[in-house]
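> Here it is, the structure in full.
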Amino acid sequence: MRLTLHLITELLAPRPTLSLGDTRIDDDLAYALLSYTSLASRQMLRFARSLTSRLSAAEQRRLTSTLTQVLTQHTTRTGDQHPAYRPAPLRTTARHGLYGSNLVLLTVLFAERCSAAELFPGSADPPGAWHRHCLLWRSAMNESQWTDFALSVDVQHTWDDEGRAFEISLRSELGPPPQPLDMNWHFRYPQGSGSPGWSRSYWDELWHKTAVSGGTNDSVMRHALDPVFRWLGQAVTVFSPLAGAPASSLAHDLLELLLAPRMTMSDQELGELYDRALQGTRLLMDMRHHQLASVVHALLTAFGQDRGRLPGGTHDDFLLLLAQLIQLVFGDSESVQPLPVTLFDALSHVLASHQPLVHALVSAEDRALIARHHDPTNLTPE
């Protein structure tokens with residue numbers, strides 16, 4: 001590590017003055033040394049921190065600036081000026097990834113905190129550039145190295161005057177869980193946007209891509225999420241924002257409603273969770289999506305334990321949604337577009353399975369409508 005720090009400080013050496021245009025920083029020795037292994041192990045980072053603490057604040061600022069320049073010029077590196085030094089038979093792409101990740105670690109080490117815009121100053125989308133570089137770095141490492149690297153940094157999704165921003169810092173050994181996600185940030189809506197919500201149709205592609213990548217750790221995540229994709233897949237890419245609050249997916253909110261301990265939430269927080277879930281459910285109703293039945297089942301299951309805690313407006317909106325569902329399923333087919341038979345059957349079964357709760361909530365007219373449907377002389381919709 002002392003040799004690494006020596007080579008990095010050598011990058012501050014004055015460059016020739018009689019040259020035209022920008023002069024490339026000579027980092028060939030640093031590339032030869034830092035492109036074969038990752039610096040992200042805890043012991044190495046702890047040692048690096050002790051060494052860098054001896055540098056003055058001015059030196060650390062100059063090194064931060066120099067390293068970001070080196071990271072930029074490294075993206076177009078095509079040669080190796082020290083081919084005789086080859087401690088391991090690594091692919092060129094792996095060496096590029098390891099070197100880039102080490103430059104970033106050193107930059108964050110000297111700066112303590114930096115933004116993606118500072119790391120990738122020429123990028124029109126610095127957070128996107130961070131993501132693409134992470135893919136390169138991960139492909140260059142084995143699973144243990146990638147774990148060390150990922151656990152060595154913390155990231156924060158933020159907003160600035162230009163829009164979405166992204167900050168990177170070194171992680172403490174007992175760091176907090178990752179920052180909760182705001183889908184407004186990822187889909188480039190303003191912070192706190194209160195739009196009507198949005199959806200995407202490629203949830204099944206997300207599922208398939210986790211299978212193609214095939215790593216053990218990713219497959220563990222996919223295995224846990226398989227039931228979510230199978231029964232709530234479209235809800236993964238249906239998003240509901242509330243004005244002044246983060247946006248989240250319908251699947252996220254349903255899982256929170258089913259799994260989160262209620263003592264951790266205030267009545268207002270619980271109400272906001274239902275408000276988003278109801279908004280997302282209406283988007284799914286408009287789509288006539290076959291997974292609507294699974295969503296309604298989850299909502300009714302959660303509402304059975306929460307009905308006494310919800311704010312009045314949220315409680316009334318839930319009853320309105322339930323009435324709309326009953327009209328959708330059992331209403332006059334001349335005034336309501338008929339449902340696909342599979343969705344009709346699934347929703348009928350869900351409402352029947354929650355019959356005591358449903359009958360306690362809906363009006364006498366809606367109860368009569370459901371009863372008429374169960375008359376054996378009635379026909380199911382085509």
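Chains: A, B, ... in order of the structure tokens. Residues: from 1 per chain. Ligands: from 1, in order shown.
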Using only C-alpha atoms, what does the table of segment 127-194 of chain A residues within 7 Å of segment 92-105 of chain A look like, with each row giving the shortest atom pair and its distance in Å to one decimal, sorted by chain and ascending number, as a tab-separated table?

```
residue	atom	partner	partner_atom	distance
A:Leu136	CA	A:Gly97	CA	5.6
A:Trp137	CA	A:Gly97	CA	4.4
A:Ala140	CA	A:Ala94	CA	4.1
```
> Just the selected residues (N, CA, C and O atoms), exported as a short mmCIF file (atom, residue, chain, number, x, y, z; two decimals), in the first residue's frame, please.

```cif
data_model
loop_
_atom_site.label_atom_id
_atom_site.label_comp_id
_atom_site.auth_asym_id
_atom_site.auth_seq_id
_atom_site.Cartn_x
_atom_site.Cartn_y
_atom_site.Cartn_z
N LEU A 136 -18.86 -3.07 -15.33
CA LEU A 136 -17.51 -3.42 -15.77
C LEU A 136 -16.67 -3.92 -14.59
O LEU A 136 -16.00 -4.95 -14.68
N TRP A 137 -16.73 -3.21 -13.47
CA TRP A 137 -15.93 -3.61 -12.31
C TRP A 137 -16.34 -4.98 -11.81
O TRP A 137 -15.50 -5.81 -11.50
N ALA A 140 -14.99 -7.79 -13.76
CA ALA A 140 -13.55 -7.96 -13.62
C ALA A 140 -13.16 -8.73 -12.36
O ALA A 140 -12.01 -9.15 -12.22
#
```
> Name the residues of segment 195-260 of chain A that come out as strand (DSSP E or B) in a backbone DSSP run; write them as a list of chain:residue names.
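Result set for segment 195-260 of chain A (strand (DSSP E or B)): A:Trp198, A:Ser199, A:Val238, A:Phe239, A:Ser240, A:Ser248, A:Ser249.
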> Go ahead and save the residues from that selection, with all heavy atoms, as a short mmCIF file (atom, residue, chain, number, x, y, z; two decimals), in the first residue's frame.

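The file below, result17.cif, is the result:
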```cif
data_model
loop_
_atom_site.label_atom_id
_atom_site.label_comp_id
_atom_site.auth_asym_id
_atom_site.auth_seq_id
_atom_site.Cartn_x
_atom_site.Cartn_y
_atom_site.Cartn_z
N TRP A 198 -47.50 5.69 -13.02
CA TRP A 198 -47.09 5.20 -14.33
C TRP A 198 -46.79 3.70 -14.23
O TRP A 198 -46.64 3.15 -13.14
CB TRP A 198 -45.88 5.96 -14.85
CG TRP A 198 -44.60 5.71 -14.11
CD1 TRP A 198 -43.63 4.81 -14.43
CD2 TRP A 198 -44.14 6.37 -12.91
NE1 TRP A 198 -42.59 4.86 -13.53
CE2 TRP A 198 -42.87 5.82 -12.58
CE3 TRP A 198 -44.66 7.38 -12.09
CZ2 TRP A 198 -42.14 6.22 -11.47
CZ3 TRP A 198 -43.93 7.77 -10.99
CH2 TRP A 198 -42.68 7.21 -10.68
N SER A 199 -46.70 3.07 -15.39
CA SER A 199 -46.40 1.64 -15.42
C SER A 199 -45.50 1.33 -16.61
O SER A 199 -45.42 2.11 -17.57
CB SER A 199 -47.69 0.81 -15.52
OG SER A 199 -48.34 1.05 -16.75
N VAL A 238 -45.57 -1.20 -11.74
CA VAL A 238 -46.64 -0.19 -11.61
C VAL A 238 -46.24 0.70 -10.45
O VAL A 238 -46.03 0.22 -9.33
CB VAL A 238 -48.01 -0.85 -11.34
CG1 VAL A 238 -49.03 0.19 -10.90
CG2 VAL A 238 -48.50 -1.57 -12.58
N PHE A 239 -46.14 2.00 -10.69
CA PHE A 239 -45.55 2.93 -9.72
C PHE A 239 -46.55 4.00 -9.31
O PHE A 239 -47.24 4.57 -10.16
CB PHE A 239 -44.29 3.57 -10.29
CG PHE A 239 -43.25 2.57 -10.70
CD1 PHE A 239 -43.15 2.17 -12.03
CD2 PHE A 239 -42.40 1.99 -9.77
CE1 PHE A 239 -42.21 1.22 -12.42
CE2 PHE A 239 -41.47 1.04 -10.14
CZ PHE A 239 -41.37 0.65 -11.46
N SER A 240 -46.57 4.27 -8.01
CA SER A 240 -47.52 5.23 -7.45
C SER A 240 -46.78 6.28 -6.63
O SER A 240 -46.16 5.94 -5.62
CB SER A 240 -48.53 4.50 -6.55
OG SER A 240 -49.21 3.50 -7.27
N SER A 248 -43.21 4.59 -5.13
CA SER A 248 -42.81 3.20 -5.00
C SER A 248 -43.69 2.34 -5.89
O SER A 248 -44.70 2.79 -6.43
CB SER A 248 -42.91 2.74 -3.55
OG SER A 248 -44.24 2.80 -3.10
N SER A 249 -43.29 1.09 -6.05
CA SER A 249 -44.06 0.17 -6.89
C SER A 249 -45.20 -0.44 -6.09
O SER A 249 -45.16 -0.53 -4.85
CB SER A 249 -43.15 -0.93 -7.45
OG SER A 249 -42.82 -1.86 -6.43
#
```
> Determine the nearest neighbour of Trp159 of chain A from the options A:Gly308, A:Gly192, A:Pro356, A:Pro121, counting only C-alpha atoms.
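Comparing A:Gly308, A:Gly192, A:Pro356, A:Pro121 against Trp159 of chain A, the winner is A:Gly192.
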> So which residues of segment 163-353 of chain A fall under helix (DSSP H, G or I) by DSSP, listed as number ranges by chain?
A: 183-186, 203-213, 216-236, 250-259, 262-264, 267-287, 292-306, 312-330, 341-353
> Find the residues of segment 83-113 of chain A that sit at most 9 Å from segment 46-52 of chain A; for each, write down the nearest two atoms and how far apart they are in Å, to one decimal. Count only C-alpha atoms. Sort by chain, then by number going up, and give it as a Markdown table.

```
| residue | atom | partner | partner_atom | distance |
| --- | --- | --- | --- | --- |
| A:Leu106 | CA | A:Ala48 | CA | 8.8 |
| A:Leu109 | CA | A:Arg49 | CA | 7.1 |
| A:Phe110 | CA | A:Thr52 | CA | 7.1 |
```
> Near Gln327 of chain A, counting only C-alpha atoms, which residues have an atom at most 12 Å away, once you skip same-chain residues fewer than 2 positions from it, shown as a ChimeraX atom specification?
/A:285,320-325,329-339,344,347-348,362-363,365-370,373
> Env of segment 162-171 of chain A: 8 Å cut, atoms = only C-alpha atoms, seq-sep filter 6 positions within chain, self excluded. Answer as a list in words.
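Once the adjacent positions are removed, what remains is Val108, Leu109, Glu112, Arg113, Cys114, Ser115, Ala116, Ala117, Pro126, Pro127, Leu151, Ser152, Val153, Asp154, Val155, Gln156, Trp185, Arg188 and Pro190 of chain A.
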> Could you please take those selected residues and save N, CA, C and O atoms as an mmCIF file, in the first residue's frame?

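The result, written out as part19.cif:
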```cif
data_model
loop_
_atom_site.group_PDB
_atom_site.id
_atom_site.type_symbol
_atom_site.label_atom_id
_atom_site.label_comp_id
_atom_site.auth_asym_id
_atom_site.auth_seq_id
_atom_site.Cartn_x
_atom_site.Cartn_y
_atom_site.Cartn_z
ATOM 1 N N VAL A 108 -12.331 8.360 -3.543
ATOM 2 C CA VAL A 108 -13.247 8.515 -2.408
ATOM 3 C C VAL A 108 -12.474 8.548 -1.099
ATOM 4 O O VAL A 108 -12.848 9.265 -0.154
ATOM 5 N N LEU A 109 -11.375 7.802 -1.036
ATOM 6 C CA LEU A 109 -10.551 7.796 0.172
ATOM 7 C C LEU A 109 -9.983 9.191 0.444
ATOM 8 O O LEU A 109 -10.010 9.675 1.576
ATOM 9 N N GLU A 112 -13.186 11.740 0.850
ATOM 10 C CA GLU A 112 -14.141 11.326 1.876
ATOM 11 C C GLU A 112 -15.549 11.148 1.317
ATOM 12 O O GLU A 112 -16.256 10.232 1.680
ATOM 13 N N ARG A 113 -15.953 12.012 0.417
ATOM 14 C CA ARG A 113 -17.254 11.906 -0.244
ATOM 15 C C ARG A 113 -17.151 12.614 -1.590
ATOM 16 O O ARG A 113 -16.566 13.694 -1.686
ATOM 17 N N CYS A 114 -17.699 11.994 -2.629
ATOM 18 C CA CYS A 114 -17.709 12.667 -3.926
ATOM 19 C C CYS A 114 -18.973 12.267 -4.684
ATOM 20 O O CYS A 114 -19.657 11.308 -4.321
ATOM 21 N N SER A 115 -19.274 13.012 -5.717
ATOM 22 C CA SER A 115 -20.480 12.744 -6.500
ATOM 23 C C SER A 115 -20.117 12.013 -7.788
ATOM 24 O O SER A 115 -18.966 12.045 -8.243
ATOM 25 N N ALA A 116 -21.114 11.386 -8.388
ATOM 26 C CA ALA A 116 -20.895 10.748 -9.685
ATOM 27 C C ALA A 116 -20.527 11.788 -10.731
ATOM 28 O O ALA A 116 -19.747 11.518 -11.640
ATOM 29 N N ALA A 117 -21.066 13.004 -10.595
ATOM 30 C CA ALA A 117 -20.726 14.069 -11.538
ATOM 31 C C ALA A 117 -19.254 14.447 -11.443
ATOM 32 O O ALA A 117 -18.623 14.806 -12.444
ATOM 33 N N PRO A 126 -24.365 11.253 -15.107
ATOM 34 C CA PRO A 126 -23.375 10.674 -14.185
ATOM 35 C C PRO A 126 -23.883 9.470 -13.396
ATOM 36 O O PRO A 126 -23.143 8.485 -13.263
ATOM 37 N N PRO A 127 -25.126 9.460 -12.848
ATOM 38 C CA PRO A 127 -25.571 8.239 -12.165
ATOM 39 C C PRO A 127 -25.607 7.027 -13.091
ATOM 40 O O PRO A 127 -25.272 5.915 -12.690
ATOM 41 N N LEU A 151 -19.105 -3.629 -0.309
ATOM 42 C CA LEU A 151 -19.242 -3.341 1.118
ATOM 43 C C LEU A 151 -18.319 -2.228 1.593
ATOM 44 O O LEU A 151 -18.432 -1.784 2.733
ATOM 45 N N SER A 152 -17.436 -1.775 0.712
ATOM 46 C CA SER A 152 -16.506 -0.718 1.114
ATOM 47 C C SER A 152 -17.058 0.684 0.861
ATOM 48 O O SER A 152 -16.487 1.666 1.333
ATOM 49 N N VAL A 153 -18.161 0.792 0.111
ATOM 50 C CA VAL A 153 -18.697 2.116 -0.218
ATOM 51 C C VAL A 153 -20.165 2.208 0.167
ATOM 52 O O VAL A 153 -20.878 1.209 0.227
ATOM 53 N N ASP A 154 -20.599 3.434 0.432
ATOM 54 C CA ASP A 154 -22.009 3.762 0.600
ATOM 55 C C ASP A 154 -22.422 4.674 -0.546
ATOM 56 O O ASP A 154 -21.603 5.488 -1.026
ATOM 57 N N VAL A 155 -23.670 4.576 -0.968
ATOM 58 C CA VAL A 155 -24.161 5.451 -2.037
ATOM 59 C C VAL A 155 -25.449 6.115 -1.572
ATOM 60 O O VAL A 155 -26.212 5.562 -0.778
ATOM 61 N N GLN A 156 -25.681 7.322 -2.065
ATOM 62 C CA GLN A 156 -26.883 8.085 -1.740
ATOM 63 C C GLN A 156 -27.470 8.661 -3.019
ATOM 64 O O GLN A 156 -26.764 9.284 -3.809
ATOM 65 N N TRP A 185 -36.767 9.187 -8.509
ATOM 66 C CA TRP A 185 -35.357 9.405 -8.870
ATOM 67 C C TRP A 185 -34.966 8.536 -10.063
ATOM 68 O O TRP A 185 -34.365 9.022 -11.025
ATOM 69 N N ARG A 188 -36.642 9.605 -13.256
ATOM 70 C CA ARG A 188 -36.323 10.996 -13.581
ATOM 71 C C ARG A 188 -37.535 11.922 -13.495
ATOM 72 O O ARG A 188 -37.670 12.867 -14.270
ATOM 73 N N PRO A 190 -39.478 14.709 -10.919
ATOM 74 C CA PRO A 190 -39.003 15.617 -9.860
ATOM 75 C C PRO A 190 -39.210 14.999 -8.478
ATOM 76 O O PRO A 190 -40.109 14.188 -8.264
#
```
> Of the residues A:Leu328, A:Arg62, A:Ser123, A:Ala150, which is the one nearest to Leu135 of chain A, using only C-alpha atoms?
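Ranking A:Leu328, A:Arg62, A:Ser123, A:Ala150 by distance to Leu135 of chain A, first place goes to A:Ala150.
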> Go ahead and compute the interatomic distance for atom CA of Ser35 of chain A and atom CA of Gly215 of chain A, in Å to one decimal.
23.6 Å
> Work out how far apart atom CA of His315 of chain A and atom CA of His359 of chain A are and give it in Å to one decimal.
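Taking atom CA of His315 of chain A and atom CA of His359 of chain A, their separation equals 15.6 Å.
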> Measuring between only C-alpha atoms, which one of A:Leu55, A:Ala40, A:Ala277, A:Leu29 shows the shortest distance to Ala84 of chain A?
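Under the stated criterion, the closest residue is A:Leu29.
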> Name the residues in contact with segment 251-266 of chain A at a cut-off of 12 Å, using only C-alpha atoms, excluding same-chain residues fewer than 4 positions from it; report them as a PDB file with N, CA and C atoms, in the first residue's frame.

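The result, written out as around-v8.pdb:
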```pdb
ATOM      1  N   PRO A 180     -33.499   3.717   1.412  1.00  0.00           N
ATOM      2  CA  PRO A 180     -34.733   3.335   0.695  1.00  0.00           C
ATOM      3  C   PRO A 180     -34.802   4.029  -0.662  1.00  0.00           C
ATOM      4  N   LEU A 181     -35.335   3.326  -1.646  1.00  0.00           N
ATOM      5  CA  LEU A 181     -35.367   3.853  -3.007  1.00  0.00           C
ATOM      6  C   LEU A 181     -36.604   4.714  -3.229  1.00  0.00           C
ATOM      7  N   ASP A 182     -36.423   5.741  -4.038  1.00  0.00           N
ATOM      8  CA  ASP A 182     -37.524   6.581  -4.497  1.00  0.00           C
ATOM      9  C   ASP A 182     -37.589   6.416  -6.008  1.00  0.00           C
ATOM     10  N   MET A 183     -38.668   5.815  -6.510  1.00  0.00           N
ATOM     11  CA  MET A 183     -38.762   5.560  -7.947  1.00  0.00           C
ATOM     12  C   MET A 183     -38.862   6.840  -8.769  1.00  0.00           C
ATOM     13  N   SER A 199     -46.699   3.073 -15.389  1.00  0.00           N
ATOM     14  CA  SER A 199     -46.403   1.643 -15.420  1.00  0.00           C
ATOM     15  C   SER A 199     -45.503   1.333 -16.611  1.00  0.00           C
ATOM     16  N   TRP A 203     -41.866  -6.181 -16.953  1.00  0.00           N
ATOM     17  CA  TRP A 203     -41.547  -6.894 -15.718  1.00  0.00           C
ATOM     18  C   TRP A 203     -41.032  -8.299 -15.992  1.00  0.00           C
ATOM     19  N   LEU A 225     -37.660 -13.990  -4.945  1.00  0.00           N
ATOM     20  CA  LEU A 225     -38.615 -13.117  -5.624  1.00  0.00           C
ATOM     21  C   LEU A 225     -39.459 -13.836  -6.675  1.00  0.00           C
ATOM     22  N   PRO A 227     -41.922 -15.982  -6.448  1.00  0.00           N
ATOM     23  CA  PRO A 227     -43.373 -15.870  -6.216  1.00  0.00           C
ATOM     24  C   PRO A 227     -43.910 -14.468  -6.490  1.00  0.00           C
ATOM     25  N   VAL A 228     -43.111 -13.445  -6.213  1.00  0.00           N
ATOM     26  CA  VAL A 228     -43.545 -12.074  -6.493  1.00  0.00           C
ATOM     27  C   VAL A 228     -43.759 -11.894  -7.989  1.00  0.00           C
ATOM     28  N   PHE A 229     -42.777 -12.317  -8.788  1.00  0.00           N
ATOM     29  CA  PHE A 229     -42.919 -12.178 -10.237  1.00  0.00           C
ATOM     30  C   PHE A 229     -44.054 -13.053 -10.767  1.00  0.00           C
ATOM     31  N   ARG A 230     -44.205 -14.243 -10.215  1.00  0.00           N
ATOM     32  CA  ARG A 230     -45.218 -15.167 -10.737  1.00  0.00           C
ATOM     33  C   ARG A 230     -46.636 -14.645 -10.476  1.00  0.00           C
ATOM     34  N   TRP A 231     -46.893 -14.101  -9.294  1.00  0.00           N
ATOM     35  CA  TRP A 231     -48.248 -13.709  -8.923  1.00  0.00           C
ATOM     36  C   TRP A 231     -48.485 -12.200  -8.954  1.00  0.00           C
ATOM     37  N   LEU A 232     -47.407 -11.417  -8.862  1.00  0.00           N
ATOM     38  CA  LEU A 232     -47.555  -9.960  -8.810  1.00  0.00           C
ATOM     39  C   LEU A 232     -46.657  -9.266  -9.822  1.00  0.00           C
ATOM     40  N   GLY A 233     -46.276  -9.976 -10.885  1.00  0.00           N
ATOM     41  CA  GLY A 233     -45.239  -9.457 -11.783  1.00  0.00           C
ATOM     42  C   GLY A 233     -45.506  -8.062 -12.306  1.00  0.00           C
ATOM     43  N   GLN A 234     -46.713  -7.825 -12.839  1.00  0.00           N
ATOM     44  CA  GLN A 234     -46.996  -6.502 -13.370  1.00  0.00           C
ATOM     45  C   GLN A 234     -46.957  -5.437 -12.280  1.00  0.00           C
ATOM     46  N   ALA A 235     -47.274  -5.823 -11.046  1.00  0.00           N
ATOM     47  CA  ALA A 235     -47.225  -4.870  -9.931  1.00  0.00           C
ATOM     48  C   ALA A 235     -45.799  -4.413  -9.640  1.00  0.00           C
ATOM     49  N   VAL A 236     -44.809  -5.170 -10.092  1.00  0.00           N
ATOM     50  CA  VAL A 236     -43.408  -4.768  -9.912  1.00  0.00           C
ATOM     51  C   VAL A 236     -43.117  -3.488 -10.685  1.00  0.00           C
ATOM     52  N   THR A 237     -43.784  -3.297 -11.811  1.00  0.00           N
ATOM     53  CA  THR A 237     -43.519  -2.125 -12.652  1.00  0.00           C
ATOM     54  C   THR A 237     -44.750  -1.225 -12.776  1.00  0.00           C
ATOM     55  N   VAL A 238     -45.570  -1.200 -11.743  1.00  0.00           N
ATOM     56  CA  VAL A 238     -46.640  -0.194 -11.608  1.00  0.00           C
ATOM     57  C   VAL A 238     -46.240   0.701 -10.447  1.00  0.00           C
ATOM     58  N   PHE A 239     -46.139   2.005 -10.693  1.00  0.00           N
ATOM     59  CA  PHE A 239     -45.549   2.925  -9.721  1.00  0.00           C
ATOM     60  C   PHE A 239     -46.547   4.002  -9.314  1.00  0.00           C
ATOM     61  N   SER A 240     -46.566   4.275  -8.008  1.00  0.00           N
ATOM     62  CA  SER A 240     -47.518   5.230  -7.447  1.00  0.00           C
ATOM     63  C   SER A 240     -46.784   6.280  -6.630  1.00  0.00           C
ATOM     64  N   PRO A 241     -46.829   7.541  -7.049  1.00  0.00           N
ATOM     65  CA  PRO A 241     -46.242   8.614  -6.235  1.00  0.00           C
ATOM     66  C   PRO A 241     -47.304   9.338  -5.413  1.00  0.00           C
ATOM     67  N   PRO A 246     -41.820   9.956  -1.500  1.00  0.00           N
ATOM     68  CA  PRO A 246     -41.221   9.074  -2.505  1.00  0.00           C
ATOM     69  C   PRO A 246     -42.280   8.283  -3.263  1.00  0.00           C
ATOM     70  N   ALA A 247     -41.930   7.860  -4.463  1.00  0.00           N
ATOM     71  CA  ALA A 247     -42.777   6.968  -5.255  1.00  0.00           C
ATOM     72  C   ALA A 247     -42.280   5.543  -5.085  1.00  0.00           C
ATOM     73  N   LEU A 270     -49.280   4.390   7.737  1.00  0.00           N
ATOM     74  CA  LEU A 270     -50.050   3.261   7.230  1.00  0.00           C
ATOM     75  C   LEU A 270     -51.052   3.731   6.179  1.00  0.00           C
ATOM     76  N   GLY A 271     -51.676   4.876   6.435  1.00  0.00           N
ATOM     77  CA  GLY A 271     -52.626   5.419   5.464  1.00  0.00           C
ATOM     78  C   GLY A 271     -51.964   5.771   4.150  1.00  0.00           C
ATOM     79  N   GLU A 272     -50.769   6.367   4.206  1.00  0.00           N
ATOM     80  CA  GLU A 272     -50.054   6.717   2.977  1.00  0.00           C
ATOM     81  C   GLU A 272     -49.673   5.463   2.190  1.00  0.00           C
ATOM     82  N   LEU A 273     -49.334   4.399   2.904  1.00  0.00           N
ATOM     83  CA  LEU A 273     -49.011   3.141   2.243  1.00  0.00           C
ATOM     84  C   LEU A 273     -50.237   2.606   1.493  1.00  0.00           C
ATOM     85  N   TYR A 274     -51.392   2.652   2.130  1.00  0.00           N
ATOM     86  CA  TYR A 274     -52.627   2.231   1.458  1.00  0.00           C
ATOM     87  C   TYR A 274     -52.975   3.167   0.304  1.00  0.00           C
ATOM     88  N   ASP A 275     -52.764   4.466   0.473  1.00  0.00           N
ATOM     89  CA  ASP A 275     -53.079   5.412  -0.602  1.00  0.00           C
ATOM     90  C   ASP A 275     -52.307   5.062  -1.870  1.00  0.00           C
ATOM     91  N   ARG A 276     -51.016   4.756  -1.710  1.00  0.00           N
ATOM     92  CA  ARG A 276     -50.213   4.384  -2.889  1.00  0.00           C
ATOM     93  C   ARG A 276     -50.694   3.057  -3.470  1.00  0.00           C
ATOM     94  N   ALA A 277     -50.970   2.086  -2.587  1.00  0.00           N
ATOM     95  CA  ALA A 277     -51.398   0.773  -3.071  1.00  0.00           C
ATOM     96  C   ALA A 277     -52.730   0.865  -3.811  1.00  0.00           C
ATOM     97  N   LEU A 278     -53.651   1.685  -3.321  1.00  0.00           N
ATOM     98  CA  LEU A 278     -54.934   1.844  -3.994  1.00  0.00           C
ATOM     99  C   LEU A 278     -54.763   2.517  -5.351  1.00  0.00           C
ATOM    100  N   GLN A 279     -53.865   3.492  -5.413  1.00  0.00           N
ATOM    101  CA  GLN A 279     -53.597   4.155  -6.690  1.00  0.00           C
ATOM    102  C   GLN A 279     -53.022   3.160  -7.700  1.00  0.00           C
ATOM    103  N   GLY A 280     -52.079   2.330  -7.270  1.00  0.00           N
ATOM    104  CA  GLY A 280     -51.493   1.340  -8.160  1.00  0.00           C
ATOM    105  C   GLY A 280     -52.500   0.287  -8.586  1.00  0.00           C
ATOM    106  N   THR A 281     -53.392  -0.107  -7.667  1.00  0.00           N
ATOM    107  CA  THR A 281     -54.409  -1.107  -7.997  1.00  0.00           C
ATOM    108  C   THR A 281     -55.350  -0.583  -9.076  1.00  0.00           C
ATOM    109  N   LEU A 284     -53.839  -1.005 -12.397  1.00  0.00           N
ATOM    110  CA  LEU A 284     -53.938  -2.395 -12.826  1.00  0.00           C
ATOM    111  C   LEU A 284     -55.370  -2.725 -13.269  1.00  0.00           C
ATOM    112  N   GLN A 291     -53.210 -10.394 -13.272  1.00  0.00           N
ATOM    113  CA  GLN A 291     -52.680 -10.479 -11.905  1.00  0.00           C
ATOM    114  C   GLN A 291     -53.411  -9.548 -10.940  1.00  0.00           C
ATOM    115  N   LEU A 292     -54.442  -8.856 -11.424  1.00  0.00           N
ATOM    116  CA  LEU A 292     -55.239  -8.005 -10.546  1.00  0.00           C
ATOM    117  C   LEU A 292     -55.827  -8.809  -9.390  1.00  0.00           C
ATOM    118  N   SER A 294     -54.571 -11.328  -7.723  1.00  0.00           N
ATOM    119  CA  SER A 294     -53.581 -11.514  -6.652  1.00  0.00           C
ATOM    120  C   SER A 294     -53.404 -10.233  -5.851  1.00  0.00           C
ATOM    121  N   VAL A 295     -53.458  -9.103  -6.534  1.00  0.00           N
ATOM    122  CA  VAL A 295     -53.329  -7.816  -5.854  1.00  0.00           C
ATOM    123  C   VAL A 295     -54.517  -7.586  -4.924  1.00  0.00           C
ATOM    124  N   VAL A 296     -55.731  -7.852  -5.398  1.00  0.00           N
ATOM    125  CA  VAL A 296     -56.923  -7.661  -4.578  1.00  0.00           C
ATOM    126  C   VAL A 296     -56.885  -8.589  -3.369  1.00  0.00           C
ATOM    127  N   HIS A 297     -56.443  -9.823  -3.566  1.00  0.00           N
ATOM    128  CA  HIS A 297     -56.332 -10.758  -2.444  1.00  0.00           C
ATOM    129  C   HIS A 297     -55.381 -10.207  -1.375  1.00  0.00           C
ATOM    130  N   ALA A 298     -54.235  -9.685  -1.802  1.00  0.00           N
ATOM    131  CA  ALA A 298     -53.280  -9.130  -0.843  1.00  0.00           C
ATOM    132  C   ALA A 298     -53.862  -7.920  -0.128  1.00  0.00           C
ATOM    133  N   LEU A 299     -54.548  -7.044  -0.861  1.00  0.00           N
ATOM    134  CA  LEU A 299     -55.139  -5.857  -0.243  1.00  0.00           C
ATOM    135  C   LEU A 299     -56.204  -6.229   0.796  1.00  0.00           C
ATOM    136  N   LEU A 300     -57.080  -7.157   0.441  1.00  0.00           N
ATOM    137  CA  LEU A 300     -58.124  -7.556   1.382  1.00  0.00           C
ATOM    138  C   LEU A 300     -57.549  -8.242   2.611  1.00  0.00           C
ATOM    139  N   THR A 301     -56.506  -9.038   2.408  1.00  0.00           N
ATOM    140  CA  THR A 301     -55.850  -9.700   3.539  1.00  0.00           C
ATOM    141  C   THR A 301     -55.293  -8.673   4.518  1.00  0.00           C
ATOM    142  N   ALA A 302     -54.603  -7.656   3.976  1.00  0.00           N
ATOM    143  CA  ALA A 302     -54.022  -6.625   4.839  1.00  0.00           C
ATOM    144  C   ALA A 302     -55.101  -5.755   5.484  1.00  0.00           C
ATOM    145  N   PHE A 303     -56.118  -5.400   4.704  1.00  0.00           N
ATOM    146  CA  PHE A 303     -57.151  -4.495   5.211  1.00  0.00           C
ATOM    147  C   PHE A 303     -57.919  -5.121   6.371  1.00  0.00           C
ATOM    148  N   GLY A 304     -58.031  -6.439   6.377  1.00  0.00           N
ATOM    149  CA  GLY A 304     -58.738  -7.090   7.460  1.00  0.00           C
ATOM    150  C   GLY A 304     -58.159  -6.791   8.822  1.00  0.00           C
ATOM    151  N   GLN A 305     -56.837  -6.566   8.910  1.00  0.00           N
ATOM    152  CA  GLN A 305     -56.230  -6.253  10.204  1.00  0.00           C
ATOM    153  C   GLN A 305     -56.045  -4.757  10.428  1.00  0.00           C
ATOM    154  N   ASP A 306     -56.168  -3.953   9.355  1.00  0.00           N
ATOM    155  CA  ASP A 306     -55.841  -2.531   9.473  1.00  0.00           C
ATOM    156  C   ASP A 306     -57.055  -1.616   9.427  1.00  0.00           C
ATOM    157  N   ARG A 309     -57.511   1.254  11.870  1.00  0.00           N
ATOM    158  CA  ARG A 309     -56.448   2.250  12.072  1.00  0.00           C
ATOM    159  C   ARG A 309     -56.357   3.280  10.950  1.00  0.00           C
ATOM    160  N   LEU A 310     -57.021   3.042   9.839  1.00  0.00           N
ATOM    161  CA  LEU A 310     -56.808   3.905   8.680  1.00  0.00           C
ATOM    162  C   LEU A 310     -57.523   5.240   8.829  1.00  0.00           C
ATOM    163  N   PRO A 311     -56.892   6.324   8.366  1.00  0.00           N
ATOM    164  CA  PRO A 311     -57.576   7.627   8.347  1.00  0.00           C
ATOM    165  C   PRO A 311     -58.867   7.533   7.536  1.00  0.00           C
TER     166      PRO A 311
END
```
